[in-house]
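Engineer: After the structure tokens below, expect a handful of questions from me.
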Amino acid sequence: MNARVITSVAVLIALAGGMALKVGRYSGHGEAASTTAERHIAVVMSQHGWLEKNEAAVTGHLPFLQKVFVRGGCSEPVFVAILTGNAEGADFFRLQHSGNVAFVQDDVVSHPNGFRRQIANMTRAAGRLVGHGDGQTLPVLAVSPAPPIDRDECAGPPAQAWRP
């Protein structure tokens, strides 16, 4: 083969891969992933004694779905948001909550990593193709205050409770 053909094939492969990553980034995994994330949030919070507070004004003008949880005896609520796409709302959530946040992206991290998320999604999709799937990938979750390392009942569920 001549060099021009090899270069053309390489460029086409790179373009196709880039387009697949871009589509995956903005697809948000649809309604099913969001519903699964809402269930996961509800289970984690209820297992640790937190109840959802219906507060429509909080979610009305935000670029993400945010839920507010309260617990008897605790003065401050816990906020949990489902970040769509590739977690573009992460910085806004951080600003909204004065930096006391963490993100659940397979693990609890200080800031979501879009590249790592795309690689993990591609790996899971490839695994499902060969019959080794582990279910649906959750969108990135934002939690404020950041999950505590030590046992503080009023700071929300601990970090290990958030892992899917």
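Please note that chains go A, B, ... in the order of the structure tokens, that every chain numbers its residues from 1, and that ligands are numbered from 1 in the order shown.
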Could you give me, as a JSON list (two decimals) with all heavy atoms, in the first residue's frame, the residues within 8 Å of region 81-97 of chain A, counting only C-alpha atoms and dropping anything in the same chain fewer than 4 positions from it?

Structural biologist:
```
[["chain", "number", "residue", "atom", "x", "y", "z"],
["A", 25, "ARG", "N", -20.58, 11.43, 24.46],
["A", 25, "ARG", "CA", -20.47, 12.49, 25.46],
["A", 25, "ARG", "C", -21.78, 13.22, 25.67],
["A", 25, "ARG", "O", -22.16, 13.55, 26.78],
["A", 25, "ARG", "CB", -19.39, 13.48, 25.03],
["A", 25, "ARG", "CG", -19.27, 14.66, 25.95],
["A", 25, "ARG", "CD", -18.18, 15.59, 25.50],
["A", 25, "ARG", "NE", -18.09, 16.70, 26.43],
["A", 25, "ARG", "CZ", -17.19, 17.62, 26.38],
["A", 25, "ARG", "NH1", -16.26, 17.57, 25.45],
["A", 25, "ARG", "NH2", -17.17, 18.60, 27.24],
["A", 26, "TYR", "N", -22.48, 13.50, 24.59],
["A", 26, "TYR", "CA", -23.70, 14.29, 24.70],
["A", 26, "TYR", "C", -24.98, 13.47, 24.71],
["A", 26, "TYR", "O", -26.05, 14.03, 24.88],
["A", 26, "TYR", "CB", -23.75, 15.33, 23.59],
["A", 26, "TYR", "CG", -22.72, 16.41, 23.81],
["A", 26, "TYR", "CD1", -21.56, 16.45, 23.06],
["A", 26, "TYR", "CD2", -22.88, 17.33, 24.83],
["A", 26, "TYR", "CE1", -20.60, 17.41, 23.28],
["A", 26, "TYR", "CE2", -21.92, 18.30, 25.07],
["A", 26, "TYR", "CZ", -20.79, 18.34, 24.28],
["A", 26, "TYR", "OH", -19.83, 19.28, 24.53],
["A", 27, "SER", "N", -24.88, 12.18, 24.59],
["A", 27, "SER", "CA", -26.10, 11.37, 24.58],
["A", 27, "SER", "C", -26.73, 11.31, 25.96],
["A", 27, "SER", "O", -27.92, 11.17, 26.10],
["A", 27, "SER", "CB", -25.81, 9.95, 24.09],
["A", 27, "SER", "OG", -25.03, 9.25, 25.03],
["A", 28, "GLY", "N", -25.94, 11.39, 27.01],
["A", 28, "GLY", "CA", -26.45, 11.41, 28.37],
["A", 28, "GLY", "C", -27.06, 10.08, 28.80],
["A", 28, "GLY", "O", -27.64, 9.97, 29.85],
["A", 34, "SER", "N", -30.91, 8.07, 33.76],
["A", 34, "SER", "CA", -31.35, 9.07, 34.73],
["A", 34, "SER", "C", -32.26, 8.44, 35.79],
["A", 34, "SER", "O", -32.13, 8.71, 36.99],
["A", 34, "SER", "CB", -32.07, 10.21, 34.03],
["A", 34, "SER", "OG", -32.33, 11.25, 34.91],
["A", 37, "ALA", "N", -30.12, 6.40, 38.07],
["A", 37, "ALA", "CA", -29.40, 7.28, 38.98],
["A", 37, "ALA", "C", -30.31, 7.78, 40.10],
["A", 37, "ALA", "O", -29.90, 7.82, 41.27],
["A", 37, "ALA", "CB", -28.81, 8.46, 38.21],
["A", 38, "GLU", "N", -31.54, 8.14, 39.76],
["A", 38, "GLU", "CA", -32.48, 8.61, 40.78],
["A", 38, "GLU", "C", -32.76, 7.51, 41.81],
["A", 38, "GLU", "O", -32.83, 7.78, 43.01],
["A", 38, "GLU", "CB", -33.79, 9.08, 40.14],
["A", 38, "GLU", "CG", -33.64, 10.42, 39.44],
["A", 38, "GLU", "CD", -34.95, 10.97, 38.93],
["A", 38, "GLU", "OE1", -35.90, 11.05, 39.74],
["A", 38, "GLU", "OE2", -35.03, 11.29, 37.74],
["A", 63, "PRO", "N", -28.94, 23.82, 35.43],
["A", 63, "PRO", "CA", -28.63, 23.00, 34.24],
["A", 63, "PRO", "C", -28.54, 21.50, 34.56],
["A", 63, "PRO", "O", -28.02, 20.74, 33.78],
["A", 63, "PRO", "CB", -27.27, 23.55, 33.80],
["A", 63, "PRO", "CG", -26.65, 24.05, 35.06],
["A", 63, "PRO", "CD", -27.79, 24.56, 35.91],
["A", 64, "PHE", "N", -29.03, 21.10, 35.72],
["A", 64, "PHE", "CA", -29.00, 19.69, 36.11],
["A", 64, "PHE", "C", -30.15, 19.44, 37.08],
["A", 64, "PHE", "O", -30.72, 20.37, 37.65],
["A", 64, "PHE", "CB", -27.67, 19.31, 36.78],
["A", 64, "PHE", "CG", -27.14, 20.34, 37.73],
["A", 64, "PHE", "CD1", -27.71, 20.53, 38.98],
["A", 64, "PHE", "CD2", -26.07, 21.13, 37.36],
["A", 64, "PHE", "CE1", -27.23, 21.49, 39.86],
["A", 64, "PHE", "CE2", -25.57, 22.10, 38.24],
["A", 64, "PHE", "CZ", -26.16, 22.27, 39.48],
["A", 65, "LEU", "N", -30.49, 18.17, 37.26],
["A", 65, "LEU", "CA", -31.52, 17.79, 38.22],
["A", 65, "LEU", "C", -30.88, 17.72, 39.60],
["A", 65, "LEU", "O", -29.93, 16.96, 39.79],
["A", 65, "LEU", "CB", -32.13, 16.43, 37.85],
["A", 65, "LEU", "CG", -33.10, 15.84, 38.87],
["A", 65, "LEU", "CD1", -34.33, 16.73, 39.03],
["A", 65, "LEU", "CD2", -33.51, 14.44, 38.44],
["A", 66, "GLN", "N", -31.36, 18.53, 40.52],
["A", 66, "GLN", "CA", -30.81, 18.55, 41.87],
["A", 66, "GLN", "C", -31.88, 18.16, 42.87],
["A", 66, "GLN", "O", -32.99, 18.64, 42.81],
["A", 66, "GLN", "CB", -30.27, 19.94, 42.19],
["A", 66, "GLN", "CG", -29.71, 20.06, 43.60],
["A", 66, "GLN", "CD", -29.03, 21.38, 43.80],
["A", 66, "GLN", "OE1", -27.84, 21.48, 43.54],
["A", 66, "GLN", "NE2", -29.74, 22.38, 44.25],
["A", 67, "LYS", "N", -31.52, 17.29, 43.80],
["A", 67, "LYS", "CA", -32.43, 16.85, 44.84],
["A", 67, "LYS", "C", -31.89, 17.33, 46.19],
["A", 67, "LYS", "O", -30.68, 17.42, 46.38],
["A", 67, "LYS", "CB", -32.56, 15.34, 44.83],
["A", 67, "LYS", "CG", -33.21, 14.83, 43.55],
["A", 67, "LYS", "CD", -33.32, 13.33, 43.54],
["A", 67, "LYS", "CE", -34.18, 12.84, 42.42],
["A", 67, "LYS", "NZ", -35.59, 13.08, 42.61],
["A", 101, "VAL", "N", -17.90, 20.02, 47.72],
["A", 101, "VAL", "CA", -18.58, 19.04, 46.88],
["A", 101, "VAL", "C", -17.65, 17.87, 46.56],
["A", 101, "VAL", "O", -16.44, 17.96, 46.71],
["A", 101, "VAL", "CB", -19.06, 19.68, 45.54],
["A", 101, "VAL", "CG1", -20.00, 20.82, 45.79],
["A", 101, "VAL", "CG2", -17.89, 20.13, 44.70],
["A", 111, "HIS", "N", -13.18, 16.02, 41.25],
["A", 111, "HIS", "CA", -13.66, 16.63, 40.01],
["A", 111, "HIS", "C", -13.81, 15.52, 38.97],
["A", 111, "HIS", "O", -12.92, 14.68, 38.83],
["A", 111, "HIS", "CB", -12.70, 17.71, 39.50],
["A", 111, "HIS", "CG", -13.36, 18.63, 38.53],
["A", 111, "HIS", "ND1", -13.57, 18.31, 37.22],
["A", 111, "HIS", "CD2", -13.89, 19.86, 38.70],
["A", 111, "HIS", "CE1", -14.19, 19.29, 36.61],
["A", 111, "HIS", "NE2", -14.40, 20.26, 37.49],
["A", 112, "PRO", "N", -14.93, 15.49, 38.24],
["A", 112, "PRO", "CA", -15.10, 14.44, 37.24],
["A", 112, "PRO", "C", -14.09, 14.58, 36.10],
["A", 112, "PRO", "O", -13.71, 15.69, 35.74],
["A", 112, "PRO", "CB", -16.54, 14.63, 36.75],
["A", 112, "PRO", "CG", -16.91, 16.01, 37.13],
["A", 112, "PRO", "CD", -16.07, 16.39, 38.30],
["A", 114, "GLY", "N", -13.64, 13.76, 32.26],
["A", 114, "GLY", "CA", -14.37, 13.41, 31.04],
["A", 114, "GLY", "C", -13.68, 12.32, 30.23],
["A", 114, "GLY", "O", -14.32, 11.40, 29.74],
["A", 117, "ARG", "N", -14.05, 9.01, 31.95],
["A", 117, "ARG", "CA", -15.44, 8.56, 31.82],
["A", 117, "ARG", "C", -15.70, 7.97, 30.44],
["A", 117, "ARG", "O", -16.35, 6.95, 30.31],
["A", 117, "ARG", "CB", -16.38, 9.72, 32.10],
["A", 117, "ARG", "CG", -17.83, 9.32, 32.05],
["A", 117, "ARG", "CD", -18.69, 10.33, 32.78],
["A", 117, "ARG", "NE", -20.08, 10.05, 32.64],
["A", 117, "ARG", "CZ", -20.73, 9.08, 33.27],
["A", 117, "ARG", "NH1", -20.09, 8.29, 34.09],
["A", 117, "ARG", "NH2", -22.01, 8.89, 33.09],
["A", 139, "PRO", "N", -24.96, 8.33, 35.28],
["A", 139, "PRO", "CA", -24.38, 9.65, 35.01],
["A", 139, "PRO", "C", -23.54, 10.08, 36.22],
["A", 139, "PRO", "O", -23.65, 9.50, 37.30],
["A", 139, "PRO", "CB", -25.59, 10.56, 34.86],
["A", 139, "PRO", "CG", -26.79, 9.69, 34.82],
["A", 139, "PRO", "CD", -26.41, 8.36, 35.35],
["A", 140, "VAL", "N", -22.74, 11.11, 36.05],
["A", 140, "VAL", "CA", -21.96, 11.63, 37.16],
["A", 140, "VAL", "C", -22.92, 12.25, 38.18],
["A", 140, "VAL", "O", -23.84, 12.98, 37.81],
["A", 140, "VAL", "CB", -20.94, 12.68, 36.68],
["A", 140, "VAL", "CG1", -20.24, 13.34, 37.86],
["A", 140, "VAL", "CG2", -19.92, 12.05, 35.75],
["A", 141, "LEU", "N", -22.72, 11.94, 39.45],
["A", 141, "LEU", "CA", -23.52, 12.53, 40.53],
["A", 141, "LEU", "C", -22.65, 13.54, 41.26],
["A", 141, "LEU", "O", -21.46, 13.31, 41.48],
["A", 141, "LEU", "CB", -23.98, 11.45, 41.51],
["A", 141, "LEU", "CG", -24.77, 10.28, 40.93],
["A", 141, "LEU", "CD1", -25.11, 9.27, 42.02],
["A", 141, "LEU", "CD2", -26.01, 10.76, 40.22],
["A", 142, "ALA", "N", -23.25, 14.66, 41.64],
["A", 142, "ALA", "CA", -22.57, 15.68, 42.43],
["A", 142, "ALA", "C", -23.20, 15.69, 43.81],
["A", 142, "ALA", "O", -24.43, 15.65, 43.93],
["A", 142, "ALA", "CB", -22.70, 17.04, 41.76],
["A", 143, "VAL", "N", -22.39, 15.72, 44.85],
["A", 143, "VAL", "CA", -22.89, 15.65, 46.23],
["A", 143, "VAL", "C", -22.29, 16.80, 47.04],
["A", 143, "VAL", "O", -21.08, 17.04, 46.99],
["A", 143, "VAL", "CB", -22.50, 14.30, 46.89],
["A", 143, "VAL", "CG1", -23.06, 14.21, 48.30],
["A", 143, "VAL", "CG2", -22.95, 13.13, 46.05],
["A", 144, "SER", "N", -23.16, 17.49, 47.78],
["A", 144, "SER", "CA", -22.71, 18.55, 48.68],
["A", 144, "SER", "C", -23.50, 18.47, 49.97],
["A", 144, "SER", "O", -24.72, 18.39, 49.93],
["A", 144, "SER", "CB", -22.91, 19.93, 48.05],
["A", 144, "SER", "OG", -22.49, 20.94, 48.95],
["A", 145, "PRO", "N", -22.85, 18.46, 51.11],
["A", 145, "PRO", "CA", -21.42, 18.56, 51.29],
["A", 145, "PRO", "C", -20.72, 17.27, 50.83],
["A", 145, "PRO", "O", -21.34, 16.23, 50.69],
["A", 145, "PRO", "CB", -21.26, 18.75, 52.80],
["A", 145, "PRO", "CG", -22.50, 18.16, 53.40],
["A", 145, "PRO", "CD", -23.57, 18.36, 52.39]]
```

Engineer: Among region 85-144 of chain A, which residues carry a DSSP assignment of strand (DSSP E), reported as a PDB file with N, CA, C and O atoms, in the first residue's frame?

Structural biologist:
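This is the output file out_2.pdb:
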```
ATOM      1  N   ALA A 102     -18.269  16.798  46.110  1.00  0.00           N
ATOM      2  CA  ALA A 102     -17.543  15.650  45.563  1.00  0.00           C
ATOM      3  C   ALA A 102     -18.408  15.111  44.436  1.00  0.00           C
ATOM      4  O   ALA A 102     -19.606  15.396  44.354  1.00  0.00           O
ATOM      5  N   PHE A 103     -17.808  14.310  43.585  1.00  0.00           N
ATOM      6  CA  PHE A 103     -18.511  13.763  42.435  1.00  0.00           C
ATOM      7  C   PHE A 103     -18.373  12.250  42.431  1.00  0.00           C
ATOM      8  O   PHE A 103     -17.313  11.722  42.759  1.00  0.00           O
ATOM      9  N   VAL A 104     -19.446  11.581  42.085  1.00  0.00           N
ATOM     10  CA  VAL A 104     -19.446  10.129  42.014  1.00  0.00           C
ATOM     11  C   VAL A 104     -19.331   9.754  40.544  1.00  0.00           C
ATOM     12  O   VAL A 104     -20.251   9.987  39.762  1.00  0.00           O
ATOM     13  N   GLN A 105     -18.185   9.221  40.185  1.00  0.00           N
ATOM     14  CA  GLN A 105     -17.889   8.789  38.816  1.00  0.00           C
ATOM     15  C   GLN A 105     -17.182   7.448  38.946  1.00  0.00           C
ATOM     16  O   GLN A 105     -15.972   7.384  38.935  1.00  0.00           O
ATOM     17  N   ASP A 107     -16.225   6.138  41.278  1.00  0.00           N
ATOM     18  CA  ASP A 107     -15.655   6.301  42.614  1.00  0.00           C
ATOM     19  C   ASP A 107     -15.955   7.739  43.029  1.00  0.00           C
ATOM     20  O   ASP A 107     -16.411   8.542  42.223  1.00  0.00           O
ATOM     21  N   VAL A 108     -15.694   8.104  44.244  1.00  0.00           N
ATOM     22  CA  VAL A 108     -15.905   9.472  44.699  1.00  0.00           C
ATOM     23  C   VAL A 108     -14.620  10.253  44.414  1.00  0.00           C
ATOM     24  O   VAL A 108     -13.540   9.873  44.881  1.00  0.00           O
ATOM     25  N   VAL A 109     -14.747  11.322  43.610  1.00  0.00           N
ATOM     26  CA  VAL A 109     -13.592  12.112  43.180  1.00  0.00           C
ATOM     27  C   VAL A 109     -13.851  13.597  43.443  1.00  0.00           C
ATOM     28  O   VAL A 109     -14.997  14.018  43.619  1.00  0.00           O
ATOM     29  N   VAL A 140     -22.740  11.106  36.053  1.00  0.00           N
ATOM     30  CA  VAL A 140     -21.960  11.633  37.165  1.00  0.00           C
ATOM     31  C   VAL A 140     -22.923  12.253  38.176  1.00  0.00           C
ATOM     32  O   VAL A 140     -23.839  12.983  37.809  1.00  0.00           O
ATOM     33  N   LEU A 141     -22.724  11.941  39.448  1.00  0.00           N
ATOM     34  CA  LEU A 141     -23.520  12.527  40.525  1.00  0.00           C
ATOM     35  C   LEU A 141     -22.655  13.542  41.265  1.00  0.00           C
ATOM     36  O   LEU A 141     -21.462  13.308  41.485  1.00  0.00           O
ATOM     37  N   ALA A 142     -23.254  14.659  41.636  1.00  0.00           N
ATOM     38  CA  ALA A 142     -22.569  15.677  42.426  1.00  0.00           C
ATOM     39  C   ALA A 142     -23.204  15.691  43.811  1.00  0.00           C
ATOM     40  O   ALA A 142     -24.428  15.654  43.925  1.00  0.00           O
ATOM     41  N   VAL A 143     -22.394  15.716  44.853  1.00  0.00           N
ATOM     42  CA  VAL A 143     -22.891  15.647  46.228  1.00  0.00           C
ATOM     43  C   VAL A 143     -22.292  16.796  47.040  1.00  0.00           C
ATOM     44  O   VAL A 143     -21.078  17.039  46.990  1.00  0.00           O
ATOM     45  N   SER A 144     -23.159  17.495  47.775  1.00  0.00           N
ATOM     46  CA  SER A 144     -22.709  18.550  48.675  1.00  0.00           C
ATOM     47  C   SER A 144     -23.502  18.474  49.973  1.00  0.00           C
ATOM     48  O   SER A 144     -24.715  18.389  49.932  1.00  0.00           O
TER      49      SER A 144
END
```

Engineer: Could you pull the residues within 8 Å of region 43-52 of chain A, counting only C-alpha atoms, minus those fewer than 4 positions along the same chain, as a VMD selection string?

Structural biologist: chain A and resid 39 67 to 71 156 to 157 161 to 162

Engineer: Next, the residues of the selection above should be written as an mmCIF file, in the first residue's frame with C-alpha atoms.

Structural biologist:
```
data_model
loop_
_atom_site.group_PDB
_atom_site.id
_atom_site.type_symbol
_atom_site.label_atom_id
_atom_site.label_comp_id
_atom_site.auth_asym_id
_atom_site.auth_seq_id
_atom_site.Cartn_x
_atom_site.Cartn_y
_atom_site.Cartn_z
ATOM 1 C CA ARG A 39 -33.095 5.136 42.243
ATOM 2 C CA LYS A 67 -32.430 16.852 44.840
ATOM 3 C CA VAL A 68 -32.456 18.088 48.425
ATOM 4 C CA PHE A 69 -32.405 15.697 51.396
ATOM 5 C CA VAL A 70 -33.038 16.417 55.067
ATOM 6 C CA ARG A 71 -32.561 14.413 58.241
ATOM 7 C CA GLY A 156 -24.489 12.741 54.585
ATOM 8 C CA PRO A 157 -23.652 9.179 53.583
ATOM 9 C CA ALA A 161 -21.890 4.286 50.225
ATOM 10 C CA TRP A 162 -21.978 6.157 46.901
#
```

Engineer: Just asking: which residues within region 3-164 of chain A are helix (DSSP H, G or I) according to DSSP, as a ChimeraX atom specification?

Structural biologist: /A:3-27,30-47,56-60,90-96,114-129,153-155,159-162
